[in-house]
>>> print(open('final-v1.txt').read())   # compact mmCIF, C-alpha atoms and all ligand atoms
# COMPACT_ATOMS: atom_id res chain seq x y z
CA MET E 1 -49.12 31.43 62.62
CA GLN E 2 -46.88 30.06 65.37
CA THR E 3 -44.96 27.09 64.01
CA GLU E 4 -43.12 24.55 66.06
CA PHE E 5 -39.96 26.01 64.56
CA ASN E 6 -40.73 29.52 65.72
CA GLN E 7 -41.32 28.34 69.26
CA TYR E 8 -37.95 26.58 69.35
CA GLU E 9 -36.23 29.51 67.71
CA GLN E 10 -37.53 31.88 70.35
CA GLN E 11 -36.12 29.62 73.03
CA GLY E 12 -32.74 29.54 71.23
CA GLN E 13 -32.90 25.77 70.78
CA HIS E 14 -31.76 25.43 67.18
CA GLU E 15 -29.90 22.24 67.88
CA GLN E 16 -33.04 20.45 69.10
CA LEU E 17 -34.89 21.01 65.86
CA GLN E 18 -35.90 18.18 63.61
CA VAL E 19 -33.75 18.31 60.49
CA TYR E 20 -35.04 16.91 57.20
CA ASN E 21 -33.40 15.89 53.95
CA PRO E 22 -34.87 17.99 51.17
CA GLU E 23 -35.61 16.31 47.86
CA VAL E 24 -32.82 17.38 45.49
CA ILE E 25 -33.42 16.96 41.75
CA VAL E 26 -30.35 17.63 39.61
CA LEU E 27 -30.99 18.11 35.89
CA PRO E 28 -28.45 18.44 33.08
CA THR E 29 -29.32 21.94 31.81
CA PRO E 30 -30.91 25.21 32.97
CA GLU E 31 -33.69 24.67 30.41
CA ASP E 32 -34.53 21.39 32.17
CA VAL E 33 -34.93 23.36 35.41
CA ASP E 34 -37.33 25.78 33.69
CA GLN E 35 -39.29 22.84 32.29
CA LEU E 36 -39.60 20.93 35.55
CA GLY E 37 -40.44 24.13 37.46
CA ALA E 38 -43.25 24.84 34.97
CA THR E 39 -44.48 21.24 35.08
CA HIS E 40 -44.58 21.36 38.86
CA PHE E 41 -46.54 24.63 38.77
CA ILE E 42 -49.02 23.29 36.19
CA GLN E 43 -49.59 20.07 38.14
CA GLN E 44 -50.14 22.05 41.34
CA VAL E 45 -52.84 24.16 39.68
CA GLU E 46 -54.43 21.09 38.04
CA LYS E 47 -54.61 19.48 41.48
CA LYS E 48 -55.91 22.63 43.20
CA ALA E 49 -57.26 25.37 40.93
CA ASP E 50 -57.46 27.88 43.79
CA SER E 51 -53.85 27.41 44.87
CA THR E 52 -52.17 30.17 46.86
CA LEU E 53 -48.59 30.55 45.71
CA ILE E 54 -45.53 32.55 46.73
CA LEU E 55 -43.63 33.73 43.66
CA PRO E 56 -40.00 34.82 43.12
CA THR E 57 -38.30 37.32 40.85
CA GLY E 58 -34.71 37.42 39.56
CA SER E 59 -33.37 35.83 36.39
CA THR E 60 -33.88 32.25 37.58
CA PRO E 61 -37.69 31.96 37.20
CA ILE E 62 -37.91 33.80 33.84
CA GLY E 63 -37.74 30.58 31.80
CA MET E 64 -40.40 28.92 33.95
CA TYR E 65 -42.68 31.96 33.60
CA ARG E 66 -42.17 31.95 29.81
CA LEU E 67 -43.18 28.29 29.58
CA LEU E 68 -46.25 28.92 31.75
CA GLY E 69 -47.22 31.84 29.50
CA GLU E 70 -46.88 29.63 26.42
CA THR E 71 -48.95 26.88 28.02
CA TYR E 72 -51.68 29.40 28.81
CA GLN E 73 -51.59 30.83 25.26
CA GLN E 74 -52.06 27.29 23.95
CA GLY E 75 -55.23 27.00 26.03
CA ARG E 76 -53.77 24.34 28.32
CA LEU E 77 -53.63 26.31 31.59
CA ASP E 78 -56.18 28.26 33.61
CA LEU E 79 -54.86 30.44 36.46
CA SER E 80 -58.08 32.38 37.03
CA ARG E 81 -58.51 31.07 40.57
CA VAL E 82 -54.89 31.26 41.69
CA THR E 83 -53.75 33.78 44.31
CA THR E 84 -50.12 34.93 44.29
CA LEU E 85 -48.00 36.72 46.87
CA ASN E 86 -44.58 37.80 45.73
CA LEU E 87 -41.60 37.35 48.00
CA ASP E 88 -40.26 40.86 47.96
CA GLU E 89 -39.99 44.29 46.32
CA TYR E 90 -37.41 47.06 46.19
CA TYR E 91 -38.33 49.91 48.49
CA ARG E 92 -38.92 53.33 46.93
CA LEU E 93 -37.94 52.32 43.41
CA GLY E 94 -41.39 53.16 42.10
CA LYS E 95 -43.82 50.64 40.60
CA SER E 96 -43.38 51.97 37.09
CA HIS E 97 -39.60 51.58 37.12
CA PRO E 98 -38.86 48.71 34.70
CA GLN E 99 -36.76 46.94 37.35
CA SER E 100 -39.36 47.11 40.08
CA TYR E 101 -40.61 43.62 40.86
CA ASP E 102 -44.11 44.88 40.12
CA ALA E 103 -43.05 45.74 36.55
CA PHE E 104 -40.98 42.55 36.28
CA MET E 105 -43.91 40.33 37.24
CA ARG E 106 -46.19 42.04 34.73
CA SER E 107 -43.78 41.82 31.82
CA GLU E 108 -42.37 38.35 32.54
CA PHE E 109 -45.53 36.60 33.72
CA PHE E 110 -48.76 38.34 34.64
CA ASN E 111 -49.33 39.92 31.20
CA GLN E 112 -49.10 36.47 29.60
CA VAL E 113 -51.55 34.60 31.87
CA ASN E 114 -54.99 35.09 33.40
CA ILE E 115 -54.48 35.66 37.11
CA PRO E 116 -56.95 38.45 38.00
CA GLU E 117 -55.19 41.62 39.18
CA GLU E 118 -56.94 41.57 42.57
CA GLN E 119 -55.52 38.10 43.25
CA ARG E 120 -51.89 39.19 42.68
CA HIS E 121 -49.94 40.74 45.52
CA ILE E 122 -46.53 42.41 45.75
CA PRO E 123 -45.31 44.70 48.54
CA ASN E 124 -45.87 48.34 47.59
CA SER E 125 -42.56 49.89 46.56
CA GLU E 126 -44.06 53.34 46.96
CA ALA E 127 -45.39 53.04 50.50
CA LEU E 128 -44.53 56.06 52.59
CA ASP E 129 -44.11 54.05 55.76
CA PRO E 130 -42.23 50.79 55.10
CA ASP E 131 -43.07 49.33 58.51
CA GLU E 132 -46.75 49.91 57.94
CA GLU E 133 -46.45 48.33 54.49
CA ALA E 134 -44.67 45.31 55.99
CA GLU E 135 -47.39 44.92 58.62
CA GLY E 136 -50.08 45.21 55.92
CA TYR E 137 -48.38 42.54 53.80
CA GLU E 138 -48.09 40.31 56.85
CA GLN E 139 -51.87 40.67 57.35
CA LEU E 140 -52.42 39.81 53.71
CA LEU E 141 -50.39 36.62 54.11
CA ARG E 142 -52.36 35.75 57.22
CA GLN E 143 -55.66 36.27 55.41
CA ALA E 144 -54.46 34.14 52.49
CA GLY E 145 -54.24 31.15 54.81
CA GLN E 146 -51.65 28.43 54.37
CA ILE E 147 -49.58 28.84 51.23
CA ASP E 148 -49.73 25.76 48.98
CA VAL E 149 -46.32 26.24 47.35
CA ALA E 150 -43.58 28.81 47.85
CA TYR E 151 -41.38 29.01 44.75
CA LEU E 152 -37.95 30.47 45.53
CA GLY E 153 -34.69 31.42 43.90
CA LEU E 154 -31.36 31.53 45.71
CA GLY E 155 -29.30 34.66 46.28
CA PRO E 156 -25.84 35.09 44.77
CA GLY E 157 -22.51 33.75 45.96
CA LEU E 158 -22.15 33.20 49.66
CA THR E 159 -25.30 35.13 50.62
CA CYS E 160 -27.56 32.05 50.46
CA HIS E 161 -30.40 34.52 50.66
CA ILE E 162 -34.03 33.62 50.12
CA ALA E 163 -36.28 36.51 49.13
CA PHE E 164 -34.15 39.40 50.48
CA ASN E 165 -33.27 37.65 53.74
CA GLY E 166 -29.50 37.87 53.83
CA PRO E 167 -27.00 36.39 56.30
CA GLY E 168 -27.94 37.03 59.93
CA THR E 169 -31.69 37.15 59.36
CA PRO E 170 -33.49 35.27 62.15
CA PHE E 171 -35.23 32.10 60.98
CA ASN E 172 -38.47 33.31 62.59
CA SER E 173 -38.41 36.69 60.81
CA ARG E 174 -41.67 38.08 59.44
CA VAL E 175 -42.32 40.61 56.64
CA HIS E 176 -39.92 43.50 57.15
CA LYS E 177 -37.92 46.27 55.51
CA VAL E 178 -34.32 45.25 54.93
CA ASP E 179 -31.13 47.06 53.96
CA LEU E 180 -29.49 45.08 51.16
CA ASP E 181 -26.00 43.69 51.69
CA GLU E 182 -23.13 44.63 49.37
CA GLU E 183 -22.99 41.26 47.59
CA THR E 184 -26.69 41.41 46.77
CA ILE E 185 -26.40 44.99 45.52
CA ARG E 186 -23.47 44.02 43.29
CA ALA E 187 -25.27 40.94 41.94
CA ASN E 188 -28.48 42.81 41.20
CA ALA E 189 -26.55 45.57 39.40
CA LYS E 190 -26.87 43.36 36.26
CA PHE E 191 -30.47 44.59 36.01
CA PHE E 192 -29.57 48.31 36.30
CA ASP E 193 -27.41 50.77 34.34
CA SER E 194 -24.92 50.96 37.20
CA VAL E 195 -24.44 49.66 40.72
CA ASP E 196 -25.33 53.13 42.02
CA ASP E 197 -28.84 52.72 40.63
CA VAL E 198 -29.59 49.57 42.64
CA PRO E 199 -31.98 50.37 45.50
CA ARG E 200 -30.41 50.00 48.94
CA SER E 201 -33.48 48.58 50.67
CA ALA E 202 -36.45 46.34 50.10
CA ILE E 203 -39.55 44.94 51.74
CA THR E 204 -39.35 41.18 52.04
CA GLN E 205 -41.25 38.24 53.42
CA GLY E 206 -39.33 36.82 56.35
CA ILE E 207 -37.91 33.32 56.60
CA GLY E 208 -40.67 32.50 59.10
CA ASN E 209 -43.31 33.35 56.48
CA ILE E 210 -41.67 31.14 53.86
CA LEU E 211 -41.32 28.19 56.25
CA GLU E 212 -45.09 28.16 56.79
CA ALA E 213 -45.82 27.06 53.21
CA LYS E 214 -46.97 23.46 52.75
CA HIS E 215 -44.36 22.85 50.08
CA ILE E 216 -41.28 24.89 49.15
CA VAL E 217 -39.65 24.58 45.72
CA LEU E 218 -36.27 26.25 45.19
CA LEU E 219 -34.89 26.68 41.68
CA ALA E 220 -31.19 27.32 41.04
CA LYS E 221 -29.17 27.38 37.86
CA GLY E 222 -25.56 27.99 36.90
CA GLU E 223 -22.16 27.75 38.55
CA GLY E 224 -22.72 31.10 40.31
CA LYS E 225 -25.11 29.23 42.61
CA ALA E 226 -22.83 26.25 43.28
CA VAL E 227 -21.24 27.63 46.48
CA GLY E 228 -24.63 28.71 47.81
CA ILE E 229 -26.24 25.34 47.06
CA GLN E 230 -23.38 23.50 48.75
CA ARG E 231 -23.60 25.67 51.87
CA THR E 232 -27.38 25.46 51.91
CA LEU E 233 -27.55 21.67 51.67
CA GLU E 234 -24.32 20.53 53.31
CA GLY E 235 -23.13 23.37 55.55
CA PRO E 236 -24.27 24.06 59.10
CA ILE E 237 -27.89 25.08 59.59
CA SER E 238 -27.18 28.65 60.54
CA GLU E 239 -28.43 32.18 60.15
CA ASP E 240 -25.17 32.82 58.26
CA ALA E 241 -26.74 30.82 55.42
CA PRO E 242 -30.42 31.79 55.40
CA ALA E 243 -31.45 29.11 52.88
CA SER E 244 -30.16 26.41 55.26
CA ALA E 245 -33.40 27.07 57.21
CA LEU E 246 -35.16 25.10 54.48
CA ARG E 247 -33.70 21.90 55.98
CA LEU E 248 -35.99 22.48 58.97
CA HIS E 249 -39.05 22.07 56.74
CA PRO E 250 -40.37 18.58 55.97
CA ASN E 251 -41.46 19.23 52.40
CA VAL E 252 -38.85 21.00 50.29
CA THR E 253 -37.74 20.29 46.72
CA PHE E 254 -34.60 21.72 45.13
CA ILE E 255 -34.72 21.73 41.33
CA ILE E 256 -31.21 22.61 40.20
CA ASP E 257 -28.97 22.14 37.20
CA ALA E 258 -25.70 20.23 37.12
CA ALA E 259 -23.64 23.45 37.32
CA ALA E 260 -25.42 24.57 40.51
CA ALA E 261 -24.94 21.07 41.96
CA SER E 262 -21.28 20.84 40.99
CA LEU E 263 -19.81 21.51 44.46
CA LEU E 264 -22.06 19.10 46.37
CA GLN E 265 -19.95 16.47 48.13
CA ASN E 266 -22.86 14.04 48.19
CA GLN E 267 -24.17 14.02 44.66
CA PRO E 268 -27.87 13.09 44.76
C1 LIG E 301 -33.06 38.72 44.13
C2 LIG E 301 -34.39 38.31 44.74
C3 LIG E 301 -34.34 36.89 45.25
C4 LIG E 301 -33.80 36.00 44.14
C5 LIG E 301 -32.41 36.43 43.79
C6 LIG E 301 -31.76 35.54 42.76
O1 LIG E 301 -32.12 39.07 45.09
N1 LIG E 301 -34.79 39.16 45.81
O2 LIG E 301 -35.62 36.48 45.64
O3 LIG E 301 -33.82 34.66 44.55
O4 LIG E 301 -32.52 37.74 43.29
O5 LIG E 301 -31.56 36.19 41.57
P1 LIG E 301 -31.21 35.48 40.23
O6 LIG E 301 -32.32 34.52 39.94
O7 LIG E 301 -31.15 36.59 39.23
O8 LIG E 301 -29.93 34.79 40.43
>>> encode(input="final-v1.txt", output="structure tokens", more="lines below")
Ligand code: GLP
Amino acid sequence: MQTEFNQYEQQGQHEQLQVYNPEVIVLPTPEDVDQLGATHFIQQVEKKADSTLILPTGSTPIGMYRLLGETYQQGRLDLSRVTTLNLDEYYRLGKSHPQSYDAFMRSEFFNQVNIPEEQRHIPNSEALDPDEEAEGYEQLLRQAGQIDVAYLGLGPGLTCHIAFNGPGTPFNSRVHKVDLDEETIRANAKFFDSVDDVPRSAITQGIGNILEAKHIVLLAKGEGKAVGIQRTLEGPISEDAPASALRLHPNVTFIIDAAAASLLQNQP
């Protein structure tokens, strides 16, 4: 899909783009972020049972997924018509590795709810040809039509990454294989026995894919995200801070806790 943004980007006319003010909701605690994220998700599915959603991994969405699982177990949520497309996956880690995003999504979310397996999509970590896999995932996104909501986390520290799109990624990027930057590798080492075990590459949706969603919801918690949130919302809109691209989208909501908001000059 060729968005207005992509056309401008190709012409190198960043500065002429329409810039929007995202909705920024600051809540006292990380648990409040989990709760509002889950409430948003539930309301979206109540409004549109066959919603197509982009889903994140990382530690941030775990609380939201747990609450959604509990709501389903209580018989108050039906996800049988939802389609999901995950943001990214480590390349060559192997699906059965406990830290693959495939395994993560099963243990943290999919095993607790009723989204049929054929409606859940994650790039294939085991693909022999990563470029072919990226192209196939791109096709899948195209076939899925317009995404209703893209749920995102924010990368660590100064990376401001969304999915695995680190600094320097073009705003019109599509699904691609990426080599992970050092800061991301260090941050994701918390999930592995040692930093040496963290995969060095991944397959990720591009920023251009994410910007095509009707609504984007970014969740961020903790002081480790404060610098990134400040750069994202108040710094220059620049490929140095990939999440700043979200200010070029008219319908974005940040749901963040007070610690993540602590360095904002303009407190919402
Ligand atoms: C990984 C994922 C990102 C995610 C980020 C944040 O790098 N690829 O999509 O947003 O982690 O991780 P955490 O939520 O653990 O801070």
>>> atom_distance(input="final-v1.txt", atom1="atom CA of Asp193 of chain E", atom2="atom CA of Gln205 of chain E")
26.7 Å
>>> residues_near_ligand(input="final-v1.txt", ligand="ligand LIG 301 (chain E)", cutoff="6 Å", atoms="all atoms listed in the file", output="JSON, numbers by chain")
{"E": [56, 57, 58, 59, 60, 152, 153, 154, 155, 156, 162, 163, 164]}
>>> closest_atom_pairs(input="final-v1.txt", of="segment 104-188 of chain E", to="segment 13-28 of chain E", cutoff="12 Å", atoms="all atoms listed in the file", output="JSON lines")
{"residue": "E:Pro170", "atom": "CA", "partner": "E:His14", "partner_atom": "CA", "distance": 11.2}
{"residue": "E:Phe171", "atom": "CA", "partner": "E:His14", "partner_atom": "CA", "distance": 9.7}
{"residue": "E:Asn172", "atom": "CA", "partner": "E:His14", "partner_atom": "CA", "distance": 11.3}
>>> atom_distance(input="final-v1.txt", atom1="atom CA of Lys48 of chain E", atom2="atom CA of Gly75 of chain E")
17.7 Å
>>> closest_atom_pairs(input="final-v1.txt", of="segment 28-126 of chain E", to="segment 175-187 of chain E", cutoff="12 Å", atoms="only C-alpha atoms", output="CSV")
residue,atom,partner,partner_atom,distance
E:Gly58,CA,E:Ala187,CA,10.4
E:Ser59,CA,E:Ala187,CA,11.1
E:Leu85,CA,E:Val175,CA,12.0
E:Asn86,CA,E:Val175,CA,11.5
E:Leu87,CA,E:Val175,CA,9.3
E:Asp88,CA,E:Val175,CA,8.9
E:Glu89,CA,E:Lys177,CA,9.6
E:Tyr90,CA,E:Lys177,CA,9.4
E:Tyr91,CA,E:Lys177,CA,7.9
E:Arg92,CA,E:Lys177,CA,11.2
E:Ile122,CA,E:Val175,CA,11.8
E:Pro123,CA,E:Val175,CA,9.6
E:Asn124,CA,E:Lys177,CA,11.4
E:Ser125,CA,E:Lys177,CA,10.7
>>> atom_distance(input="final-v1.txt", atom1="atom CA of Gln43 of chain E", atom2="atom CA of Lys221 of chain E")
21.7 Å
>>> residues_around(input="final-v1.txt", residues="Ala258 of chain E", least_positions_apart="3", cutoff="12 Å", atoms="all atoms listed in the file", output="compact mmCIF listing (two decimals) with C-alpha atoms, in the frame of the given file")
# COMPACT_ATOMS: atom_id res chain seq x y z
CA VAL E 24 -32.82 17.38 45.49
CA ILE E 25 -33.42 16.96 41.75
CA VAL E 26 -30.35 17.63 39.61
CA LEU E 27 -30.99 18.11 35.89
CA PRO E 28 -28.45 18.44 33.08
CA THR E 29 -29.32 21.94 31.81
CA PRO E 30 -30.91 25.21 32.97
CA GLU E 31 -33.69 24.67 30.41
CA ASP E 32 -34.53 21.39 32.17
CA VAL E 33 -34.93 23.36 35.41
CA ALA E 220 -31.19 27.32 41.04
CA LYS E 221 -29.17 27.38 37.86
CA GLY E 222 -25.56 27.99 36.90
CA GLU E 223 -22.16 27.75 38.55
CA GLY E 224 -22.72 31.10 40.31
CA LYS E 225 -25.11 29.23 42.61
CA ALA E 226 -22.83 26.25 43.28
CA ILE E 229 -26.24 25.34 47.06
CA ILE E 255 -34.72 21.73 41.33
CA ALA E 261 -24.94 21.07 41.96
CA SER E 262 -21.28 20.84 40.99
CA LEU E 263 -19.81 21.51 44.46
CA LEU E 264 -22.06 19.10 46.37
CA GLN E 267 -24.17 14.02 44.66
CA PRO E 268 -27.87 13.09 44.76
>>> closest_residue(input="final-v1.txt", among="E:Gly228, E:Gln146, E:Gly168, E:Ile216", to="Asp240 of chain E", atoms="all atoms listed in the file")
E:Gly168
>>> residues_around(input="final-v1.txt", residues="Val113 of chain E", least_positions_apart="5", cutoff="12 Å", atoms="all atoms listed in the file", output="PyMOL selection string")
chain E and resi 65-82+105-108+120
>>> write_last_selection(input="final-v1.txt", atoms="C-alpha atoms", output="PDB file, keeping the file's coordinate frame")
ATOM      1  CA  TYR E  65     -42.680  31.960  33.600  1.00  0.00           C
ATOM      2  CA  ARG E  66     -42.170  31.950  29.810  1.00  0.00           C
ATOM      3  CA  LEU E  67     -43.180  28.290  29.580  1.00  0.00           C
ATOM      4  CA  LEU E  68     -46.250  28.920  31.750  1.00  0.00           C
ATOM      5  CA  GLY E  69     -47.220  31.840  29.500  1.00  0.00           C
ATOM      6  CA  GLU E  70     -46.880  29.630  26.420  1.00  0.00           C
ATOM      7  CA  THR E  71     -48.950  26.880  28.020  1.00  0.00           C
ATOM      8  CA  TYR E  72     -51.680  29.400  28.810  1.00  0.00           C
ATOM      9  CA  GLN E  73     -51.590  30.830  25.260  1.00  0.00           C
ATOM     10  CA  GLN E  74     -52.060  27.290  23.950  1.00  0.00           C
ATOM     11  CA  GLY E  75     -55.230  27.000  26.030  1.00  0.00           C
ATOM     12  CA  ARG E  76     -53.770  24.340  28.320  1.00  0.00           C
ATOM     13  CA  LEU E  77     -53.630  26.310  31.590  1.00  0.00           C
ATOM     14  CA  ASP E  78     -56.180  28.260  33.610  1.00  0.00           C
ATOM     15  CA  LEU E  79     -54.860  30.440  36.460  1.00  0.00           C
ATOM     16  CA  SER E  80     -58.080  32.380  37.030  1.00  0.00           C
ATOM     17  CA  ARG E  81     -58.510  31.070  40.570  1.00  0.00           C
ATOM     18  CA  VAL E  82     -54.890  31.260  41.690  1.00  0.00           C
ATOM     19  CA  MET E 105     -43.910  40.330  37.240  1.00  0.00           C
ATOM     20  CA  ARG E 106     -46.190  42.040  34.730  1.00  0.00           C
ATOM     21  CA  SER E 107     -43.780  41.820  31.820  1.00  0.00           C
ATOM     22  CA  GLU E 108     -42.370  38.350  32.540  1.00  0.00           C
ATOM     23  CA  ARG E 120     -51.890  39.190  42.680  1.00  0.00           C
TER      24      ARG E 120
END
>>> residues_around(input="final-v1.txt", residues="Glu117 of chain E", least_positions_apart="4", cutoff="10 Å", atoms="only C-alpha atoms", output="list in words")
Ser80, Thr83, Thr84, Phe110 and His121 of chain E
>>> decode(input="final-v1.txt", residues="segment 25-39 of chain E", atoms="N, CA and C atoms", output="PDB file, in the first residue's frame")
ATOM      1  N   ILE E  25      -1.261   9.052  27.207  1.00  0.00           N
ATOM      2  CA  ILE E  25      -1.960   8.768  28.470  1.00  0.00           C
ATOM      3  C   ILE E  25      -0.901   8.308  29.465  1.00  0.00           C
ATOM      4  N   VAL E  26      -0.721   9.100  30.518  1.00  0.00           N
ATOM      5  CA  VAL E  26       0.270   8.752  31.552  1.00  0.00           C
ATOM      6  C   VAL E  26      -0.473   8.219  32.772  1.00  0.00           C
ATOM      7  N   LEU E  27      -0.086   7.034  33.210  1.00  0.00           N
ATOM      8  CA  LEU E  27      -0.767   6.382  34.332  1.00  0.00           C
ATOM      9  C   LEU E  27       0.236   6.178  35.470  1.00  0.00           C
ATOM     10  N   PRO E  28      -0.252   6.125  36.708  1.00  0.00           N
ATOM     11  CA  PRO E  28       0.694   6.060  37.834  1.00  0.00           C
ATOM     12  C   PRO E  28       1.612   4.832  37.814  1.00  0.00           C
ATOM     13  N   THR E  29       1.093   3.654  37.523  1.00  0.00           N
ATOM     14  CA  THR E  29       1.914   2.441  37.705  1.00  0.00           C
ATOM     15  C   THR E  29       1.961   1.589  36.430  1.00  0.00           C
ATOM     16  N   PRO E  30       2.956   0.674  36.365  1.00  0.00           N
ATOM     17  CA  PRO E  30       3.013  -0.245  35.214  1.00  0.00           C
ATOM     18  C   PRO E  30       1.773  -1.129  35.116  1.00  0.00           C
ATOM     19  N   GLU E  31       1.204  -1.483  36.267  1.00  0.00           N
ATOM     20  CA  GLU E  31      -0.001  -2.330  36.267  1.00  0.00           C
ATOM     21  C   GLU E  31      -1.166  -1.585  35.616  1.00  0.00           C
ATOM     22  N   ASP E  32      -1.194  -0.262  35.799  1.00  0.00           N
ATOM     23  CA  ASP E  32      -2.256   0.532  35.152  1.00  0.00           C
ATOM     24  C   ASP E  32      -2.102   0.477  33.627  1.00  0.00           C
ATOM     25  N   VAL E  33      -0.845   0.436  33.168  1.00  0.00           N
ATOM     26  CA  VAL E  33      -0.594   0.350  31.719  1.00  0.00           C
ATOM     27  C   VAL E  33      -1.106  -0.999  31.197  1.00  0.00           C
ATOM     28  N   ASP E  34      -0.802  -2.071  31.937  1.00  0.00           N
ATOM     29  CA  ASP E  34      -1.290  -3.401  31.541  1.00  0.00           C
ATOM     30  C   ASP E  34      -2.819  -3.378  31.436  1.00  0.00           C
ATOM     31  N   GLN E  35      -3.434  -2.777  32.448  1.00  0.00           N
ATOM     32  CA  GLN E  35      -4.901  -2.772  32.530  1.00  0.00           C
ATOM     33  C   GLN E  35      -5.510  -1.983  31.369  1.00  0.00           C
ATOM     34  N   LEU E  36      -4.976  -0.797  31.119  1.00  0.00           N
ATOM     35  CA  LEU E  36      -5.572   0.010  30.044  1.00  0.00           C
ATOM     36  C   LEU E  36      -5.288  -0.619  28.676  1.00  0.00           C
ATOM     37  N   GLY E  37      -4.095  -1.211  28.522  1.00  0.00           N
ATOM     38  CA  GLY E  37      -3.786  -1.917  27.273  1.00  0.00           C
ATOM     39  C   GLY E  37      -4.804  -3.031  27.037  1.00  0.00           C
ATOM     40  N   ALA E  38      -5.067  -3.823  28.083  1.00  0.00           N
ATOM     41  CA  ALA E  38      -6.026  -4.932  27.960  1.00  0.00           C
ATOM     42  C   ALA E  38      -7.433  -4.401  27.682  1.00  0.00           C
ATOM     43  N   THR E  39      -7.809  -3.345  28.367  1.00  0.00           N
ATOM     44  CA  THR E  39      -9.149  -2.772  28.154  1.00  0.00           C
ATOM     45  C   THR E  39      -9.294  -2.291  26.716  1.00  0.00           C
TER      46      THR E  39
END
